[in-house]
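S.K.: Input file: model.tsv. Contents: TSV, C-alpha atoms.
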chain	number	residue	atom	x	y	z
E	24	MET	CA	66.30	-40.74	-60.03
E	25	MET	CA	63.61	-39.07	-57.93
E	26	GLU	CA	66.23	-38.04	-55.35
E	27	ALA	CA	68.26	-36.27	-58.05
E	28	LEU	CA	65.14	-34.39	-59.23
E	29	ASN	CA	64.24	-33.41	-55.66
E	30	ALA	CA	67.79	-32.24	-54.93
E	31	GLY	CA	67.75	-30.18	-58.14
E	32	LEU	CA	64.41	-28.67	-57.15
E	33	ALA	CA	65.71	-27.76	-53.67
E	34	LEU	CA	68.86	-26.18	-55.13
E	35	LEU	CA	66.83	-24.17	-57.65
E	36	LEU	CA	64.53	-22.96	-54.85
E	37	LEU	CA	67.50	-21.82	-52.76
E	38	ALA	CA	69.11	-20.09	-55.75
E	39	LEU	CA	65.87	-18.29	-56.64
E	40	ALA	CA	65.33	-17.24	-53.02
E	41	ALA	CA	68.87	-15.79	-52.94
E	42	TRP	CA	68.24	-14.03	-56.29
E	43	THR	CA	65.01	-12.51	-54.98
E	44	ILE	CA	66.70	-11.14	-51.86
E	45	VAL	CA	70.00	-10.02	-53.38
E	46	GLY	CA	68.60	-8.51	-56.58
E	47	ARG	CA	68.81	-4.69	-56.57
E	48	ASP	CA	66.37	-4.37	-59.47
E	49	ALA	CA	62.85	-4.58	-58.05
E	50	PHE	CA	61.25	-6.02	-61.18
E	51	ALA	CA	63.87	-8.77	-61.51
E	52	ALA	CA	63.35	-9.63	-57.82
E	53	VAL	CA	59.58	-9.94	-58.36
E	54	ALA	CA	60.11	-12.12	-61.44
E	55	GLY	CA	62.33	-14.34	-59.29
E	56	PHE	CA	59.66	-14.43	-56.58
E	57	VAL	CA	56.94	-15.58	-59.02
E	58	ALA	CA	59.21	-18.33	-60.40
E	59	TYR	CA	60.02	-19.25	-56.79
E	60	GLY	CA	56.29	-19.60	-56.05
E	61	LEU	CA	55.76	-21.89	-59.04
E	62	LEU	CA	58.72	-24.09	-58.07
E	63	LEU	CA	57.45	-24.17	-54.49
E	64	THR	CA	54.19	-25.53	-55.92
E	65	LEU	CA	56.16	-28.43	-57.39
E	66	ALA	CA	57.84	-28.99	-54.02
E	67	TRP	CA	54.44	-29.19	-52.29
E	68	VAL	CA	53.23	-31.70	-54.91
E	69	GLN	CA	56.33	-33.80	-54.17
E	70	LEU	CA	55.41	-33.65	-50.46
E	71	SER	CA	51.85	-34.84	-51.35
E	72	GLY	CA	50.43	-31.52	-50.13
E	73	VAL	CA	48.29	-30.93	-53.20
E	74	ASP	CA	45.93	-28.54	-51.36
E	75	VAL	CA	48.87	-26.38	-50.30
E	76	ALA	CA	50.33	-26.62	-53.81
E	77	LEU	CA	47.08	-25.32	-55.34
E	78	THR	CA	46.98	-22.44	-52.86
E	79	GLU	CA	50.64	-21.62	-53.43
E	80	ALA	CA	50.15	-21.52	-57.21
E	81	ALA	CA	46.97	-19.41	-56.99
E	82	ILE	CA	47.78	-17.05	-54.10
E	83	GLY	CA	51.54	-17.25	-53.51
E	84	GLY	CA	52.75	-17.20	-57.10
E	85	GLY	CA	49.79	-15.73	-58.97
E	86	LEU	CA	47.96	-13.19	-56.84
E	87	THR	CA	50.90	-12.02	-54.70
E	88	GLY	CA	53.06	-11.87	-57.82
E	89	ALA	CA	50.52	-9.63	-59.54
E	90	LEU	CA	50.28	-7.42	-56.41
E	91	LEU	CA	54.08	-7.08	-56.31
E	92	ILE	CA	54.30	-6.25	-60.03
E	93	GLY	CA	51.76	-3.48	-59.40
E	94	ALA	CA	53.88	-2.24	-56.50
E	95	VAL	CA	57.02	-2.23	-58.69
E	96	ALA	CA	55.22	-0.16	-61.32
E	97	ARG	CA	54.23	2.39	-58.67
E	98	LEU	CA	57.74	2.53	-57.22
E	99	ARG	CA	59.47	2.99	-60.59
E	100	ASP	CA	59.88	6.76	-60.15
E	101	THR	CA	61.69	6.40	-56.85
E	102	GLU	CA	63.73	3.32	-57.70
E	103	ALA	CA	66.82	5.09	-59.02
E	104	ALA	CA	67.07	7.13	-55.81
E	105	ALA	CA	66.55	4.03	-53.65
E	106	ARG	CA	69.25	2.15	-55.56
E	107	ALA	CA	71.77	4.97	-55.28
E	108	GLU	CA	71.31	4.91	-51.52
E	109	ARG	CA	73.76	2.64	-49.76
E	110	PRO	CA	73.41	2.03	-46.03
E	111	LYS	CA	76.47	2.48	-43.81
E	112	ALA	CA	78.72	-0.49	-43.03
E	113	LEU	CA	77.47	-0.59	-39.43
E	114	THR	CA	73.82	-0.81	-40.52
E	115	ARG	CA	74.61	-3.57	-42.99
E	116	THR	CA	76.65	-5.55	-40.44
E	117	LEU	CA	73.84	-5.26	-37.89
E	118	ALA	CA	71.23	-6.34	-40.44
E	119	ALA	CA	73.36	-9.34	-41.45
E	120	LEU	CA	73.87	-10.28	-37.79
E	121	VAL	CA	70.15	-10.08	-36.96
E	122	ALA	CA	69.16	-12.03	-40.09
E	123	GLY	CA	71.81	-14.66	-39.38
E	124	ALA	CA	70.70	-14.97	-35.74
E	125	VAL	CA	67.06	-15.50	-36.79
E	126	THR	CA	68.13	-18.15	-39.31
E	127	VAL	CA	70.22	-19.99	-36.71
E	128	ALA	CA	67.37	-19.82	-34.16
E	129	LEU	CA	64.93	-21.23	-36.74
E	130	ALA	CA	67.36	-24.00	-37.71
E	131	ILE	CA	67.93	-24.94	-34.05
E	132	SER	CA	64.22	-25.04	-33.24
E	133	ILE	CA	63.47	-27.21	-36.28
E	134	LEU	CA	66.33	-29.59	-35.51
E	135	ALA	CA	65.22	-29.75	-31.85
E	136	LEU	CA	61.74	-31.04	-32.76
E	137	PRO	CA	61.10	-34.49	-31.30
E	138	ASP	CA	61.10	-37.38	-33.78
E	139	PRO	CA	58.38	-38.22	-34.73
E	140	ALA	CA	57.10	-34.65	-34.59
E	141	PRO	CA	53.97	-34.06	-32.47
E	142	THR	CA	50.95	-34.39	-34.71
E	143	LEU	CA	47.16	-34.29	-34.53
E	144	ALA	CA	46.84	-36.12	-37.87
E	145	PRO	CA	45.67	-39.45	-36.28
E	146	ASP	CA	42.96	-37.58	-34.32
E	147	VAL	CA	41.79	-35.88	-37.53
E	148	ALA	CA	41.75	-39.21	-39.36
E	149	ALA	CA	39.75	-40.80	-36.50
E	150	ASN	CA	37.12	-38.04	-36.35
E	151	ILE	CA	36.78	-37.03	-40.00
E	152	GLY	CA	33.70	-39.24	-40.34
E	153	ALA	CA	31.75	-36.88	-38.06
E	154	THR	CA	32.16	-33.97	-40.51
E	155	GLY	CA	30.88	-35.76	-43.61
E	156	VAL	CA	33.63	-34.34	-45.86
E	157	GLY	CA	36.24	-36.60	-47.46
E	158	ASN	CA	39.14	-34.15	-47.77
E	159	PRO	CA	40.96	-33.93	-44.40
E	160	ILE	CA	42.21	-30.40	-45.24
E	161	THR	CA	38.63	-29.17	-45.65
E	162	ALA	CA	37.64	-30.96	-42.44
E	163	VAL	CA	40.42	-29.19	-40.51
E	164	LEU	CA	39.75	-25.78	-42.08
E	165	LEU	CA	35.98	-25.78	-41.60
E	166	ALA	CA	35.30	-28.09	-38.67
E	167	PHE	CA	38.25	-28.70	-36.35
E	168	ARG	CA	39.89	-25.27	-36.80
E	169	ALA	CA	36.94	-23.28	-38.15
E	170	MET	CA	37.92	-20.32	-35.93
E	171	ASP	CA	41.18	-19.86	-37.88
E	172	THR	CA	39.33	-19.83	-41.19
E	173	LEU	CA	36.77	-17.32	-39.87
E	174	LEU	CA	39.51	-14.96	-38.62
E	175	GLU	CA	41.34	-15.37	-41.94
E	176	ALA	CA	38.25	-14.22	-43.86
E	177	ILE	CA	37.83	-11.24	-41.51
E	178	VAL	CA	41.51	-10.30	-41.86
E	179	LEU	CA	41.02	-10.14	-45.64
E	180	VAL	CA	38.09	-7.71	-45.20
E	181	PHE	CA	40.33	-5.56	-42.96
E	182	ALA	CA	43.11	-5.70	-45.55
E	183	LEU	CA	40.75	-4.37	-48.21
E	184	ILE	CA	39.57	-1.59	-45.87
E	185	GLY	CA	43.26	-0.77	-45.34
E	186	VAL	CA	43.85	-0.50	-49.10
E	187	TRP	CA	40.73	1.63	-49.56
E	188	SER	CA	41.76	3.96	-46.75
E	189	LEU	CA	44.68	5.12	-48.93
E	190	ALA	CA	42.19	6.89	-51.20
E	191	PRO	CA	42.35	10.69	-51.42
E	192	ASP	CA	39.27	12.39	-49.97
E	193	ARG	CA	37.81	13.47	-53.32
E	194	ALA	CA	37.91	9.87	-54.61
E	195	TRP	CA	36.27	8.29	-51.56
E	196	GLY	CA	33.30	6.25	-52.67
E	197	GLY	CA	34.55	6.36	-56.26
E	198	ARG	CA	35.89	3.75	-58.62
E	199	PRO	CA	39.15	2.01	-57.65
E	200	GLY	CA	42.16	1.71	-59.93
E	201	PRO	CA	42.97	3.38	-63.24
E	202	LEU	CA	40.54	3.41	-66.16
E	203	HIS	CA	41.62	0.69	-68.60
E	204	LEU	CA	41.19	1.71	-72.22
E	205	ALA	CA	42.18	-1.35	-74.22
E	206	ASP	CA	41.53	-1.77	-77.94
E	207	PRO	CA	38.02	-3.29	-78.10
E	208	ASN	CA	39.12	-5.40	-81.08
E	209	GLY	CA	42.53	-6.23	-79.60
E	210	ILE	CA	43.88	-9.54	-78.40
E	211	LEU	CA	43.32	-8.68	-74.71
E	212	ALA	CA	39.62	-8.03	-75.30
E	213	TYR	CA	39.49	-11.30	-77.25
E	214	ILE	CA	40.93	-13.39	-74.40
E	215	ALA	CA	38.74	-11.51	-71.90
E	216	ARG	CA	35.71	-12.72	-73.86
E	217	VAL	CA	36.89	-16.30	-74.48
E	218	LEU	CA	38.51	-17.24	-71.17
E	219	PRO	CA	35.99	-16.24	-68.42
E	220	PRO	CA	33.36	-18.92	-69.24
E	221	ILE	CA	36.08	-21.58	-69.03
E	222	GLY	CA	37.62	-19.98	-65.92
E	223	ILE	CA	34.29	-19.76	-64.11
E	224	ILE	CA	33.63	-23.46	-64.71
E	225	VAL	CA	37.15	-24.41	-63.56
E	226	GLY	CA	36.80	-22.18	-60.46
E	227	MET	CA	33.44	-23.68	-59.51
E	228	TYR	CA	34.78	-27.19	-60.16
E	229	ILE	CA	37.80	-26.63	-57.88
E	230	PHE	CA	35.47	-25.18	-55.25
E	231	TRP	CA	33.05	-28.11	-55.44
E	232	ALA	CA	35.78	-30.77	-55.59
E	233	GLY	CA	37.22	-29.36	-52.34
E	234	ALA	CA	34.81	-31.44	-50.23
E	235	ASP	CA	36.48	-34.72	-51.15
E	236	HIS	CA	39.58	-33.85	-53.21
E	237	PRO	CA	42.26	-31.15	-53.14
E	238	GLY	CA	40.66	-27.78	-53.86
E	239	GLY	CA	38.26	-25.47	-52.10
E	240	LYS	CA	36.81	-22.00	-51.86
E	241	PHE	CA	40.13	-20.15	-51.67
E	242	GLN	CA	41.62	-21.60	-54.83
E	243	GLY	CA	38.29	-21.40	-56.65
E	244	ALA	CA	37.73	-17.80	-55.56
E	245	THR	CA	41.21	-16.83	-56.81
E	246	ILE	CA	40.35	-18.12	-60.29
E	247	LEU	CA	37.02	-16.26	-60.29
E	248	ALA	CA	38.82	-13.09	-59.14
E	249	ALA	CA	41.38	-13.52	-61.92
E	250	MET	CA	38.58	-13.77	-64.52
E	251	TRP	CA	36.95	-10.58	-63.22
E	252	LEU	CA	40.31	-8.78	-63.25
E	253	LEU	CA	40.92	-9.91	-66.83
E	254	VAL	CA	37.58	-8.46	-67.97
E	255	MET	CA	38.34	-5.20	-66.10
E	256	MET	CA	41.88	-4.88	-67.52
E	257	ALA	CA	40.59	-5.47	-71.06
E	258	GLY	CA	38.32	-2.46	-70.56
E	259	LEU	CA	35.15	-4.52	-71.13
E	260	THR	CA	33.81	-3.45	-67.75
E	261	ASP	CA	34.84	-0.97	-65.07
E	262	ALA	CA	35.50	-1.58	-61.39
E	263	PRO	CA	32.39	-0.77	-59.32
E	264	PRO	CA	32.42	2.39	-57.15
E	265	ILE	CA	33.20	1.30	-53.61
E	266	SER	CA	30.09	3.06	-52.29
E	267	ARG	CA	27.81	0.52	-54.01
E	268	ALA	CA	25.54	-1.20	-51.48
E	269	TRP	CA	25.67	-4.62	-53.22
E	270	LEU	CA	29.45	-4.52	-53.13
E	271	ARG	CA	29.66	-3.75	-49.42
E	272	ILE	CA	27.02	-6.37	-48.58
E	273	GLY	CA	28.95	-8.91	-50.66
E	274	LEU	CA	32.18	-8.09	-48.84
E	275	VAL	CA	30.77	-8.84	-45.37
E	276	ALA	CA	28.18	-11.50	-46.28
E	277	GLY	CA	30.60	-14.45	-46.06
E	278	PRO	CA	32.04	-13.72	-42.61
E	279	LEU	CA	28.56	-12.74	-41.30
E	280	VAL	CA	27.03	-16.07	-42.41
E	281	PHE	CA	30.02	-17.84	-40.85
E	282	ILE	CA	29.54	-15.98	-37.53
E	283	ALA	CA	25.76	-16.57	-37.58
E	284	ILE	CA	26.26	-20.32	-38.02
E	285	GLY	CA	28.90	-20.21	-35.27
E	286	LEU	CA	26.47	-18.49	-32.87
E	287	ALA	CA	23.73	-20.96	-33.81
E	288	GLY	CA	26.22	-23.70	-32.90
E	289	ALA	CA	26.71	-22.10	-29.50
E	290	VAL	CA	22.98	-22.54	-28.86
E	291	ALA	CA	22.33	-25.86	-30.61
E	292	ALA	CA	25.60	-27.74	-30.06
E	293	GLY	CA	27.05	-26.13	-26.95
E	294	ALA	CA	30.08	-24.30	-28.38
E	295	PHE	CA	30.80	-21.40	-30.76
E	296	LEU	CA	31.37	-22.81	-34.27
E	297	ALA	CA	30.32	-26.34	-33.20
E	298	TYR	CA	27.99	-28.14	-35.60
E	299	PRO	CA	24.97	-30.14	-34.35
E	300	ASP	CA	25.27	-33.90	-35.02
E	301	GLY	CA	24.42	-34.81	-38.60
E	302	TYR	CA	24.35	-31.20	-39.84
E	303	ALA	CA	28.12	-30.73	-40.23
E	304	LYS	CA	28.32	-31.33	-44.00
E	305	PRO	CA	25.34	-29.13	-45.03
E	306	LEU	CA	26.52	-26.31	-42.73
E	307	ILE	CA	30.07	-26.54	-44.12
E	308	ILE	CA	28.66	-26.27	-47.65
E	309	VAL	CA	26.57	-23.21	-46.66
E	310	ILE	CA	29.65	-21.52	-45.15
E	311	GLU	CA	31.78	-22.30	-48.20
E	312	LEU	CA	29.08	-21.07	-50.58
E	313	ALA	CA	28.79	-17.83	-48.59
E	314	LEU	CA	32.56	-17.28	-48.30
E	315	MET	CA	33.39	-17.94	-51.96
E	316	PRO	CA	31.82	-14.74	-53.50
E	317	THR	CA	33.20	-12.64	-50.62
E	318	LEU	CA	36.71	-14.01	-51.19
E	319	ALA	CA	36.50	-13.53	-54.96
E	320	LEU	CA	35.39	-9.89	-54.47
E	321	ILE	CA	38.10	-9.16	-51.89
E	322	LEU	CA	40.95	-10.80	-53.80
E	323	ALA	CA	40.07	-8.98	-57.03
E	324	LEU	CA	39.58	-5.59	-55.36
E	325	LEU	CA	42.83	-5.94	-53.36
E	326	LEU	CA	44.60	-6.07	-56.71
E	327	VAL	CA	42.64	-3.20	-58.26
E	328	GLY	CA	43.75	-0.94	-55.40
E	329	ALA	CA	42.51	2.22	-53.72
E	330	PRO	CA	39.72	4.40	-55.19
E	331	GLN	CA	41.30	6.97	-57.54
E	332	ARG	CA	38.42	8.43	-59.51
E	333	ALA	CA	35.55	10.44	-58.05
E	334	GLY	CA	32.40	8.38	-58.18
E	335	GLU	CA	29.02	9.66	-59.27
E	336	ARG	CA	27.17	10.46	-56.09
D	16	MET	CA	50.46	-53.46	-77.92
D	17	SER	CA	51.57	-52.12	-74.57
D	18	VAL	CA	55.22	-52.20	-75.73
D	19	ALA	CA	54.25	-50.09	-78.75
D	20	LEU	CA	52.37	-47.64	-76.51
D	21	ASP	CA	55.33	-47.42	-74.10
D	22	LEU	CA	57.63	-46.78	-77.04
D	23	LEU	CA	55.31	-44.03	-78.30
D	24	SER	CA	55.28	-42.48	-74.81
D	25	ILE	CA	59.07	-42.51	-74.55
D	26	VAL	CA	59.60	-41.05	-78.01
D	27	ALA	CA	56.93	-38.36	-77.54
D	28	VAL	CA	58.08	-37.25	-74.07
D	29	VAL	CA	61.75	-37.18	-75.11
D	30	ALA	CA	60.85	-35.15	-78.20
D	31	GLY	CA	58.77	-32.81	-76.00
D	32	ALA	CA	61.70	-32.37	-73.59
D	33	PHE	CA	63.94	-31.60	-76.58
D	34	PHE	CA	61.61	-28.79	-77.68
D	35	PHE	CA	61.61	-27.36	-74.14
D	36	LEU	CA	65.41	-27.48	-74.10
D	37	ALA	CA	65.61	-25.84	-77.53
D	38	GLY	CA	63.10	-23.18	-76.46
D	39	THR	CA	65.13	-22.43	-73.33
D	40	VAL	CA	68.40	-22.18	-75.28
D	41	GLY	CA	66.64	-19.85	-77.71
D	42	LEU	CA	65.31	-17.70	-74.87
D	43	LEU	CA	68.82	-17.35	-73.47
D	44	ARG	CA	70.73	-16.93	-76.74
D	45	PHE	CA	68.50	-15.06	-79.20
D	46	PRO	CA	69.23	-11.35	-79.62
D	47	ASP	CA	65.84	-9.59	-79.28
D	48	THR	CA	62.33	-9.92	-77.89
D	49	PHE	CA	60.66	-11.17	-81.07
D	50	THR	CA	63.08	-14.02	-81.78
D	51	ARG	CA	62.94	-15.02	-78.10
D	52	LEU	CA	59.15	-15.17	-78.30
D	53	HIS	CA	59.51	-17.29	-81.41
D	54	ALA	CA	61.70	-19.75	-79.51
D	55	LEU	CA	59.42	-19.85	-76.45
D	56	THR	CA	56.23	-20.57	-78.37
D	57	LYS	CA	57.82	-23.72	-79.82
D	58	ALA	CA	58.43	-24.98	-76.28
D	59	ASP	CA	54.86	-24.26	-75.20
D	60	ASN	CA	53.05	-25.51	-78.26
D	61	LEU	CA	55.07	-28.48	-79.49
D	62	GLY	CA	56.93	-29.37	-76.30
D	63	LEU	CA	53.90	-29.52	-74.01
D	64	GLY	CA	51.77	-31.07	-76.78
D	65	LEU	CA	54.26	-33.93	-77.24
D	66	VAL	CA	54.55	-34.49	-73.47
D	67	VAL	CA	50.74	-34.64	-73.20
D	68	LEU	CA	50.62	-37.02	-76.18
D	69	GLY	CA	53.17	-39.24	-74.47
D	70	LEU	CA	51.22	-39.28	-71.20
D	71	LEU	CA	47.83	-40.03	-72.79
D	72	PRO	CA	48.29	-43.86	-73.06
D	73	HIS	CA	48.99	-44.00	-69.30
D	74	VAL	CA	46.07	-42.06	-67.83
D	75	GLY	CA	43.58	-44.08	-65.81
D	76	SER	CA	40.36	-42.74	-67.33
D	77	ALA	CA	39.08	-40.95	-70.40
D	78	LEU	CA	38.21	-37.95	-68.20
D	79	ALA	CA	41.81	-37.59	-67.00
D	80	GLY	CA	43.01	-37.74	-70.61
D	81	LEU	CA	40.48	-35.09	-71.59
D	82	LYS	CA	41.73	-32.85	-68.75
D	83	LEU	CA	45.32	-33.20	-70.03
D	84	ILE	CA	44.25	-32.18	-73.55
D	85	VAL	CA	42.24	-29.23	-72.20
D	86	ILE	CA	45.28	-28.09	-70.19
D	87	TRP	CA	47.37	-28.17	-73.37
D	88	LEU	CA	44.72	-26.17	-75.28
D	89	LEU	CA	44.54	-23.58	-72.47
D	90	VAL	CA	48.33	-23.21	-72.47
D	91	LEU	CA	48.20	-22.76	-76.26
D	92	LEU	CA	45.59	-20.03	-75.90
D	93	SER	CA	47.31	-18.16	-73.06
D	94	GLY	CA	50.75	-18.53	-74.67
D	95	ALA	CA	49.51	-17.11	-77.97
D	96	VAL	CA	47.80	-14.17	-76.25
D	97	ALA	CA	50.73	-13.42	-73.94
D	98	SER	CA	53.27	-13.43	-76.77
D	99	GLN	CA	51.00	-11.13	-78.84
D	100	LEU	CA	50.76	-8.72	-75.89
D	101	ILE	CA	54.51	-8.75	-75.25
D	102	ALA	CA	55.29	-8.24	-78.94
D	103	ARG	CA	52.79	-5.37	-79.19
D	104	ALA	CA	54.21	-3.67	-76.08
D	105	THR	CA	57.72	-3.99	-77.50
D	106	ARG	CA	56.64	-2.48	-80.85
D	107	GLN	CA	54.99	0.46	-79.10
D	108	ARG	CA	58.04	1.22	-77.01
D	109	ASP	CA	60.50	0.83	-79.87
D	110	PRO	CA	58.78	1.10	-83.28
D	111	ASP	CA	61.97	0.36	-85.25
D	112	ALA	CA	62.58	-3.02	-83.63
Starting from the coordinates I provided, produce the structure as structure tokens.
M.R.:
Amino acid sequence: MMEALNAGLALLLLALAAWTIVGRDAFAAVAGFVAYGLLLTLAWVQLSGVDVALTEAAIGGGLTGALLIGAVARLRDTEAAARAERPKALTRTLAALVAGAVTVALAISILALPDPAPTLAPDVAANIGATGVGNPITAVLLAFRAMDTLLEAIVLVFALIGVWSLAPDRAWGGRPGPLHLADPNGILAYIARVLPPIGIIVGMYIFWAGADHPGGKFQGATILAAMWLLVMMAGLTDAPPISRAWLRIGLVAGPLVFIAIGLAGAVAAGAFLAYPDGYAKPLIIVIELALMPTLALILALLLVGAPQRAGER
Amino acid sequence: MSVALDLLSIVAVVAGAFFFLAGTVGLLRFPDTFTRLHALTKADNLGLGLVVLGLLPHVGSALAGLKLIVIWLLVLLSGAVASQLIARATRQRDPDA
């Protein structure tokens, strides 16, 4: 019974992936991609990777989907021209050959993995007690491979700087995104008043549960960012001008706290990002608490886009 | 007692699945946006509600049951708002529809 469901899920995933790639209509392709992300969430749940499933639903399906829908809306004017264009037979053959070669190489390298695959899972399980957290994913992300998480947070700051750098000169320092003028008595304003209190509690709960259960700062921050975006899109509040000092401090505070604790570890525990004995859990909580607002700000502002309106100086 | 609860679960989940199926058929077969929305909301509201009802006797704790009910209520809320927004956008683009 379960095998039949899993096989159906795998087939649907493959079909949706093909639809997303083959589709000539950009909006239909994005719709396929979002559905693909939600089905992939189910696949991760089936593989008992609930942490990955939560991230896939929040970031892969939700946030990336919203980003792509925004991109489609911006590309609408040029889409007819892009669709009329048809690359030459030689280009298409070459592209098919390269894509096929990459697929074959990937398949070979996966099939060539030794059985059982090399894994550090037993080492993580043996040493998780030293970190004080109960969720092995959190232990890996913030203790054993803290460097990866730090670089990930910094990459997000760079990504936002990249988006902002697309602003025209006159709008630099101004408010990002279009001005949303929704009906103040409309249904969107209604949901933007009702949902955020619930969403903030759910986001904080997912963040806090991340120490011992699936969840964490990334998934929690995505929900908080979504609530902020909802309030902005309903026109109840406007995006802050990017020259605001509190905004810029908030954007770098998380990574800076992370780096400061890492440097303190270099002095107190002998290695960058090492935690002194007995202080691992409190330090992990401090890092997570510092990263969460930064991530929520970055994820929301990535979606809002580049500054478009001159700010008051 | 447990047989009765199992029976309730089976009936409720099957009925919920039927509403999802009917909603999907409606989405595929109905002619315009408004009738499609009409079909979809039945799947969300009744279908998910019945599935949640069927699962309730089998949850381990009262808290887990409460979470299931809250999830259903949130889906109700977001479904109602989303269909309103879609319907309004359709009306604005094509006032005669």
S.K.: Would you please work out which residue, of D:Lys82, D:Arg44, D:His73, D:Lys57, is nearest to chain E when using only C-alpha atoms?
M.R.: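 With only C-alpha atoms as the atom set, the closest residue is D:Lys82.
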S.K.: Could you please select, counting all atoms listed in the file, the residues of chain E within 9 Å of chain D and state them as a ChimeraX atom specification?
M.R.: /E:210-211,213-214,218
S.K.: Would you put the residues from that selection into a file with C-alpha atoms, as a short mmCIF file (atom, residue, chain, number, x, y, z; two decimals), in the coordinates of the input?
M.R.:
data_model
loop_
_atom_site.label_atom_id
_atom_site.label_comp_id
_atom_site.auth_asym_id
_atom_site.auth_seq_id
_atom_site.Cartn_x
_atom_site.Cartn_y
_atom_site.Cartn_z
CA ILE E 210 43.88 -9.54 -78.40
CA LEU E 211 43.32 -8.68 -74.71
CA TYR E 213 39.49 -11.30 -77.25
CA ILE E 214 40.93 -13.39 -74.40
CA LEU E 218 38.51 -17.24 -71.17
#
S.K.: Excluding Arg271 (chain E) and any residue of its chain fewer than 2 positions from it, enumerate the residues within 12 Å of it, using only C-alpha atoms, and give them as a ChimeraX atom specification.
M.R.: /E:180,183-184,196,263-269,273-277,316-317,320-321,324
S.K.: Compile the contact shell of region 219-221 of chain E as a list in words: residues with an atom at most 9 Å away, counting all atoms listed in the file, same-chain residues fewer than 4 positions apart removed.
M.R.: Ile214, Ala215, Val225, Gly226, Leu247, Ala249, Met250, Trp251, Leu253 and Val254 of chain E
S.K.: Arg332 (chain E): which residues within 7 Å, counting all atoms listed in the file, same-chain residues fewer than 5 positions away excluded, as a PyMOL selection string?
M.R.: chain E and resi 194+197-199
S.K.: For region 30-43 of chain D, list every protein, DNA or RNA residue within 8 Å, evaluated using only C-alpha atoms, and leave out those in the same chain fewer than 2 positions away; present the list as a ChimeraX atom specification.
M.R.: /D:26-28,45,50-52,54-59,61-66
S.K.: Can you list, as a count of residues only, every protein, DNA or RNA residue that comes within 12 Å of Gly93 (chain E) when you count only C-alpha atoms, leaving out same-chain residues fewer than 3 positions away?
M.R.: 18
S.K.: Rank nothing, just name the residue among D:Ala19, D:Asp47, D:Val29, D:Ser24 nearest to Thr105 (chain D), using all atoms listed in the file.
M.R.: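 Closest to Thr105 (chain D), using all atoms listed in the file: D:Asp47.
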S.K.: Select, from E:Gln331, E:Thr142, E:Thr126, E:Thr116, the residue with the minimum atom-to-atom distance to Asp192 (chain E), counting all atoms listed in the file.
M.R.: E:Gln331
S.K.: May I ask for the distance between CA of Met256 (chain E) and CA of Ala51 (chain E), given in Å to one decimal place?
M.R.: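 Answer for the CA of Met256 (chain E) to CA of Ala51 (chain E) separation: 23.1 Å.
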S.K.: To one decimal place in Å, what is the distance between CA of Gly238 (chain E) and CA of Ile310 (chain E)?
M.R.: 15.4 Å
